[in-house]
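J.: What follows is a structure written as structure tokens; I'll ask about it next.
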Amino acid sequence: TRGMDLSFRKMAAWLAAILARNRNGSVKILDLCTGTGEIPRHTKCISELLHVTVDVTGLDYNEHMLAIARRKRLNGFVRGDATELTTPKEGFVAFGENTFDGVTQVFGIGGISEPVKVFRGVLEVLKPRGTYLMIDMHRPIPELSGEMPFFGWWLKTPVLEAYIYEKTTLPLVLERLWGWRDTTMCFYLLPLVTYDDGLGQCWGFETQILEVESHRWWFGLPIMPVAKIVVKKVAISTEEAKARKKILQALCQQTCE
């Protein structure tokens, strides 16, 4: 990624620290698919810089990655299943509803076969008005293709960007190297997820930011589109929950087909 993944993880850390600054100086954050713990490490640094308290729980399925993360002299790394955040399972942690002020997930959703389960779990463990940041790959958008200077001109290459994504990024980088899948639809399924808390209140996501930008990973060319989305947990009506659920089911069915 030519160092861009570090930038994305720092972005998540800054978000956590700013949440703390806006919420009386202290928040609890869940970092999903934490891997080797880079987001918690950066969050510690930035929170100290801003004089706020950020209690980060780094969750991952892979014990080997967690072992590396724990060498960074940080606490709070746990083994868990991102698709079963609130369901107790032997050997995995589970959380109660309304536990975290924020959830971050940077390049993690592509390795999970049932992303909607993750989104529902995130919605449950977030406190009301809690924030969720997700960053991952996105299919190129021709009208928003990357630009690069070329003898005094700004050149766009939407055809090249689409070709490389289909012929190289998907089969070689995402599938073969990362064991990933195309995560584009995740950014549009996420805002449709809802749940009923059993007390007569339905909850859903309100989109704060959605951005797709082509980054310069390969040979300095702006041909690697990455999406960032920030959503907030909000109360919604029963009618709105039913409408979102209907659209979600239709999109999931289309995706499977």
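Quick note on naming: the chains in the structure tokens go A, B, ... in the order shown, residues restart at 1 in each chain, and ligands are numbered from 1 in order of appearance.
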Give the strand (DSSP E or B) residues of stretch 39-159 of chain A, as DSSP finds them on the backbone, and put them as a JSON list (two decimals) with N, CA and C atoms, in the first residue's frame.

T.:
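Writing the result to result_34.json gives the following:
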```json
[["chain", "number", "residue", "atom", "x", "y", "z"],
["A", 53, "THR", "N", -8.63, 10.01, 27.69],
["A", 53, "THR", "CA", -8.52, 8.60, 28.04],
["A", 53, "THR", "C", -9.32, 7.76, 27.05],
["A", 54, "VAL", "N", -8.64, 6.87, 26.37],
["A", 54, "VAL", "CA", -9.30, 5.98, 25.41],
["A", 54, "VAL", "C", -8.98, 4.54, 25.81],
["A", 55, "ASP", "N", -10.00, 3.82, 26.24],
["A", 55, "ASP", "CA", -9.86, 2.43, 26.63],
["A", 55, "ASP", "C", -10.17, 1.57, 25.40],
["A", 56, "VAL", "N", -9.13, 1.01, 24.78],
["A", 56, "VAL", "CA", -9.29, 0.27, 23.53],
["A", 56, "VAL", "C", -9.27, -1.24, 23.78],
["A", 57, "THR", "N", -10.27, -1.93, 23.26],
["A", 57, "THR", "CA", -10.27, -3.39, 23.23],
["A", 57, "THR", "C", -9.99, -3.82, 21.80],
["A", 58, "GLY", "N", -8.86, -4.50, 21.60],
["A", 58, "GLY", "CA", -8.51, -4.99, 20.27],
["A", 58, "GLY", "C", -8.95, -6.44, 20.12],
["A", 59, "LEU", "N", -9.87, -6.69, 19.19],
["A", 59, "LEU", "CA", -10.43, -8.04, 19.02],
["A", 59, "LEU", "C", -9.98, -8.64, 17.70],
["A", 60, "ASP", "N", -9.58, -9.90, 17.76],
["A", 60, "ASP", "CA", -9.22, -10.63, 16.55],
["A", 60, "ASP", "C", -9.51, -12.10, 16.74],
["A", 77, "PHE", "N", -6.15, -6.85, 24.50],
["A", 77, "PHE", "CA", -6.30, -7.67, 23.29],
["A", 77, "PHE", "C", -7.02, -8.96, 23.66],
["A", 78, "VAL", "N", -8.08, -9.27, 22.92],
["A", 78, "VAL", "CA", -8.90, -10.44, 23.23],
["A", 78, "VAL", "C", -9.22, -11.21, 21.96],
["A", 79, "ARG", "N", -9.45, -12.51, 22.13],
["A", 79, "ARG", "CA", -9.88, -13.31, 20.99],
["A", 79, "ARG", "C", -11.40, -13.31, 20.92],
["A", 89, "LYS", "N", -19.36, -17.71, 23.51],
["A", 89, "LYS", "CA", -18.85, -18.93, 22.91],
["A", 89, "LYS", "C", -17.57, -19.31, 23.64],
["A", 92, "PHE", "N", -14.00, -17.54, 23.31],
["A", 92, "PHE", "CA", -14.16, -16.22, 22.70],
["A", 92, "PHE", "C", -14.85, -15.28, 23.69],
["A", 100, "PHE", "N", -19.79, 0.15, 23.97],
["A", 100, "PHE", "CA", -18.71, 0.97, 23.42],
["A", 100, "PHE", "C", -19.21, 2.30, 22.85],
["A", 101, "ASP", "N", -18.34, 3.30, 22.98],
["A", 101, "ASP", "CA", -18.62, 4.61, 22.38],
["A", 101, "ASP", "C", -18.28, 4.63, 20.90],
["A", 102, "GLY", "N", -17.37, 3.77, 20.51],
["A", 102, "GLY", "CA", -16.96, 3.74, 19.12],
["A", 102, "GLY", "C", -16.41, 2.38, 18.73],
["A", 103, "VAL", "N", -16.52, 2.05, 17.45],
["A", 103, "VAL", "CA", -15.96, 0.81, 16.89],
["A", 103, "VAL", "C", -15.18, 1.18, 15.64],
["A", 104, "THR", "N", -13.99, 0.61, 15.49],
["A", 104, "THR", "CA", -13.19, 0.83, 14.28],
["A", 104, "THR", "C", -12.92, -0.51, 13.61],
["A", 105, "GLN", "N", -12.83, -0.48, 12.29],
["A", 105, "GLN", "CA", -12.50, -1.70, 11.53],
["A", 105, "GLN", "C", -11.83, -1.27, 10.23],
["A", 106, "VAL", "N", -10.53, -1.43, 10.20],
["A", 106, "VAL", "CA", -9.74, -1.00, 9.04],
["A", 106, "VAL", "C", -9.17, -2.22, 8.33],
["A", 126, "LEU", "N", -22.66, -0.90, 20.34],
["A", 126, "LEU", "CA", -22.47, 0.54, 20.41],
["A", 126, "LEU", "C", -23.49, 1.18, 21.35],
["A", 127, "LYS", "N", -23.05, 2.20, 22.05],
["A", 127, "LYS", "CA", -23.97, 3.01, 22.84],
["A", 127, "LYS", "C", -24.78, 3.90, 21.89],
["A", 128, "PRO", "N", -25.94, 4.38, 22.29],
["A", 128, "PRO", "CA", -26.68, 5.34, 21.47],
["A", 128, "PRO", "C", -25.79, 6.52, 21.10],
["A", 129, "ARG", "N", -25.82, 6.91, 19.83],
["A", 129, "ARG", "CA", -24.99, 7.95, 19.24],
["A", 129, "ARG", "C", -23.53, 7.51, 19.10],
["A", 130, "GLY", "N", -23.27, 6.22, 19.33],
["A", 130, "GLY", "CA", -21.92, 5.71, 19.15],
["A", 130, "GLY", "C", -21.54, 5.68, 17.68],
["A", 131, "THR", "N", -20.24, 5.71, 17.40],
["A", 131, "THR", "CA", -19.72, 5.86, 16.03],
["A", 131, "THR", "C", -18.96, 4.62, 15.58],
["A", 132, "TYR", "N", -19.14, 4.28, 14.31],
["A", 132, "TYR", "CA", -18.46, 3.13, 13.70],
["A", 132, "TYR", "C", -17.74, 3.60, 12.45],
["A", 133, "LEU", "N", -16.43, 3.36, 12.38],
["A", 133, "LEU", "CA", -15.63, 3.67, 11.21],
["A", 133, "LEU", "C", -15.20, 2.38, 10.53],
["A", 134, "MET", "N", -15.42, 2.29, 9.22],
["A", 134, "MET", "CA", -14.98, 1.13, 8.46],
["A", 134, "MET", "C", -14.24, 1.61, 7.21],
["A", 135, "ILE", "N", -13.09, 1.00, 6.95],
["A", 135, "ILE", "CA", -12.30, 1.32, 5.77],
["A", 135, "ILE", "C", -11.92, 0.03, 5.07],
["A", 136, "ASP", "N", -12.13, -0.02, 3.74],
["A", 136, "ASP", "CA", -11.74, -1.21, 2.97],
["A", 136, "ASP", "C", -11.79, -0.88, 1.48],
["A", 137, "MET", "N", -11.60, -1.88, 0.65],
["A", 137, "MET", "CA", -11.55, -1.68, -0.79],
["A", 137, "MET", "C", -12.95, -1.41, -1.37],
["A", 147, "GLU", "N", -6.62, 10.92, -10.51],
["A", 147, "GLU", "CA", -5.96, 11.80, -11.47],
["A", 147, "GLU", "C", -4.46, 11.80, -11.22],
["A", 148, "MET", "N", -3.70, 12.03, -12.29],
["A", 148, "MET", "CA", -2.24, 12.14, -12.14],
["A", 148, "MET", "C", -1.71, 13.16, -13.15],
["A", 149, "PRO", "N", -0.64, 13.87, -12.79],
["A", 149, "PRO", "CA", -0.09, 14.87, -13.70],
["A", 149, "PRO", "C", 0.60, 14.21, -14.89],
["A", 150, "PHE", "N", 0.42, 14.80, -16.05],
["A", 150, "PHE", "CA", 1.02, 14.26, -17.28],
["A", 150, "PHE", "C", 1.35, 15.42, -18.21],
["A", 153, "TRP", "N", -0.83, 18.39, -17.71],
["A", 153, "TRP", "CA", -2.26, 18.09, -17.70],
["A", 153, "TRP", "C", -2.56, 17.14, -16.54],
["A", 154, "TRP", "N", -3.82, 17.16, -16.11],
["A", 154, "TRP", "CA", -4.27, 16.16, -15.13],
["A", 154, "TRP", "C", -5.01, 15.07, -15.88],
["A", 155, "LEU", "N", -4.43, 13.88, -15.86],
["A", 155, "LEU", "CA", -4.93, 12.77, -16.66],
["A", 155, "LEU", "C", -5.76, 11.81, -15.81],
["A", 156, "LYS", "N", -6.95, 11.45, -16.29],
["A", 156, "LYS", "CA", -7.79, 10.45, -15.64],
["A", 156, "LYS", "C", -7.72, 9.15, -16.44]]
```

J.: Please provide the set of residues having any atom within 10 Å of A:Glu124, restricted to only C-alpha atoms, with same-chain residues fewer than 3 positions apart removed, written as a ChimeraX atom specification.

T.: /A:85-86,95-100,118-121,127-128,194-197,203-204,233

J.: For the structure I just gave you, how does DSSP split stretch 69-191 of chain A - specifically, which residues are helix (DSSP H, G or I)? Reply as a PyMOL selection string.

T.: chain A and resi 69-70+109-111+115-125+142-144+158-177+186-191

J.: Per residue of stretch 85-135 of chain A within 12 Å of stretch 245-256 of chain A, note the shortest atom pair and the distance in Å to one decimal, counting only C-alpha atoms, and order the rows by chain and increasing residue number, as a Markdown table.

T.:
```
| residue | atom | partner | partner_atom | distance |
| --- | --- | --- | --- | --- |
| A:Ser113 | CA | A:Cys256 | CA | 11.5 |
| A:Glu114 | CA | A:Cys252 | CA | 10.4 |
| A:Pro115 | CA | A:Cys252 | CA | 10.6 |
| A:Val116 | CA | A:Cys252 | CA | 9.0 |
| A:Arg120 | CA | A:Lys245 | CA | 11.7 |
```

J.: What is the distance, in Å and to one decimal place, between atom CA of A:Asp182 and atom CA of A:Leu170?

T.: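 Here the two named atoms are 6.9 Å from each other.
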
J.: Which residues come within 10 Å of A:Cys202, counting only C-alpha atoms, excluding same-chain residues fewer than 4 positions away, as a VMD selection string?

T.: chain A and resid 194 to 198 234 to 242

J.: Can you tell me which residues surround A:Val173 at a distance of at most 12 Å, considering only C-alpha atoms, apart from same-chain residues fewer than 3 positions away, and format the answer as a ChimeraX atom specification?

T.: /A:1,110,137,164-170,176-182,217-218,224

J.: So the first atom is atom CA of A:Gly3 and the second is atom CA of A:Phe219; what is the distance between them in Å, to one decimal place?

T.: 12.9 Å

J.: Expressed in Å to a single decimal, how great is the separation between atom CA of A:Cys45 and atom CA of A:Ile29?

T.: 14.7 Å

J.: For A:Arg9, which of A:Gly35, A:Gly25, A:Gly76, A:Gly200 is the closest residue, counting only C-alpha atoms?

T.: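 Checking each of A:Gly35, A:Gly25, A:Gly76, A:Gly200 against A:Arg9, counting only C-alpha atoms, the winner is A:Gly35.
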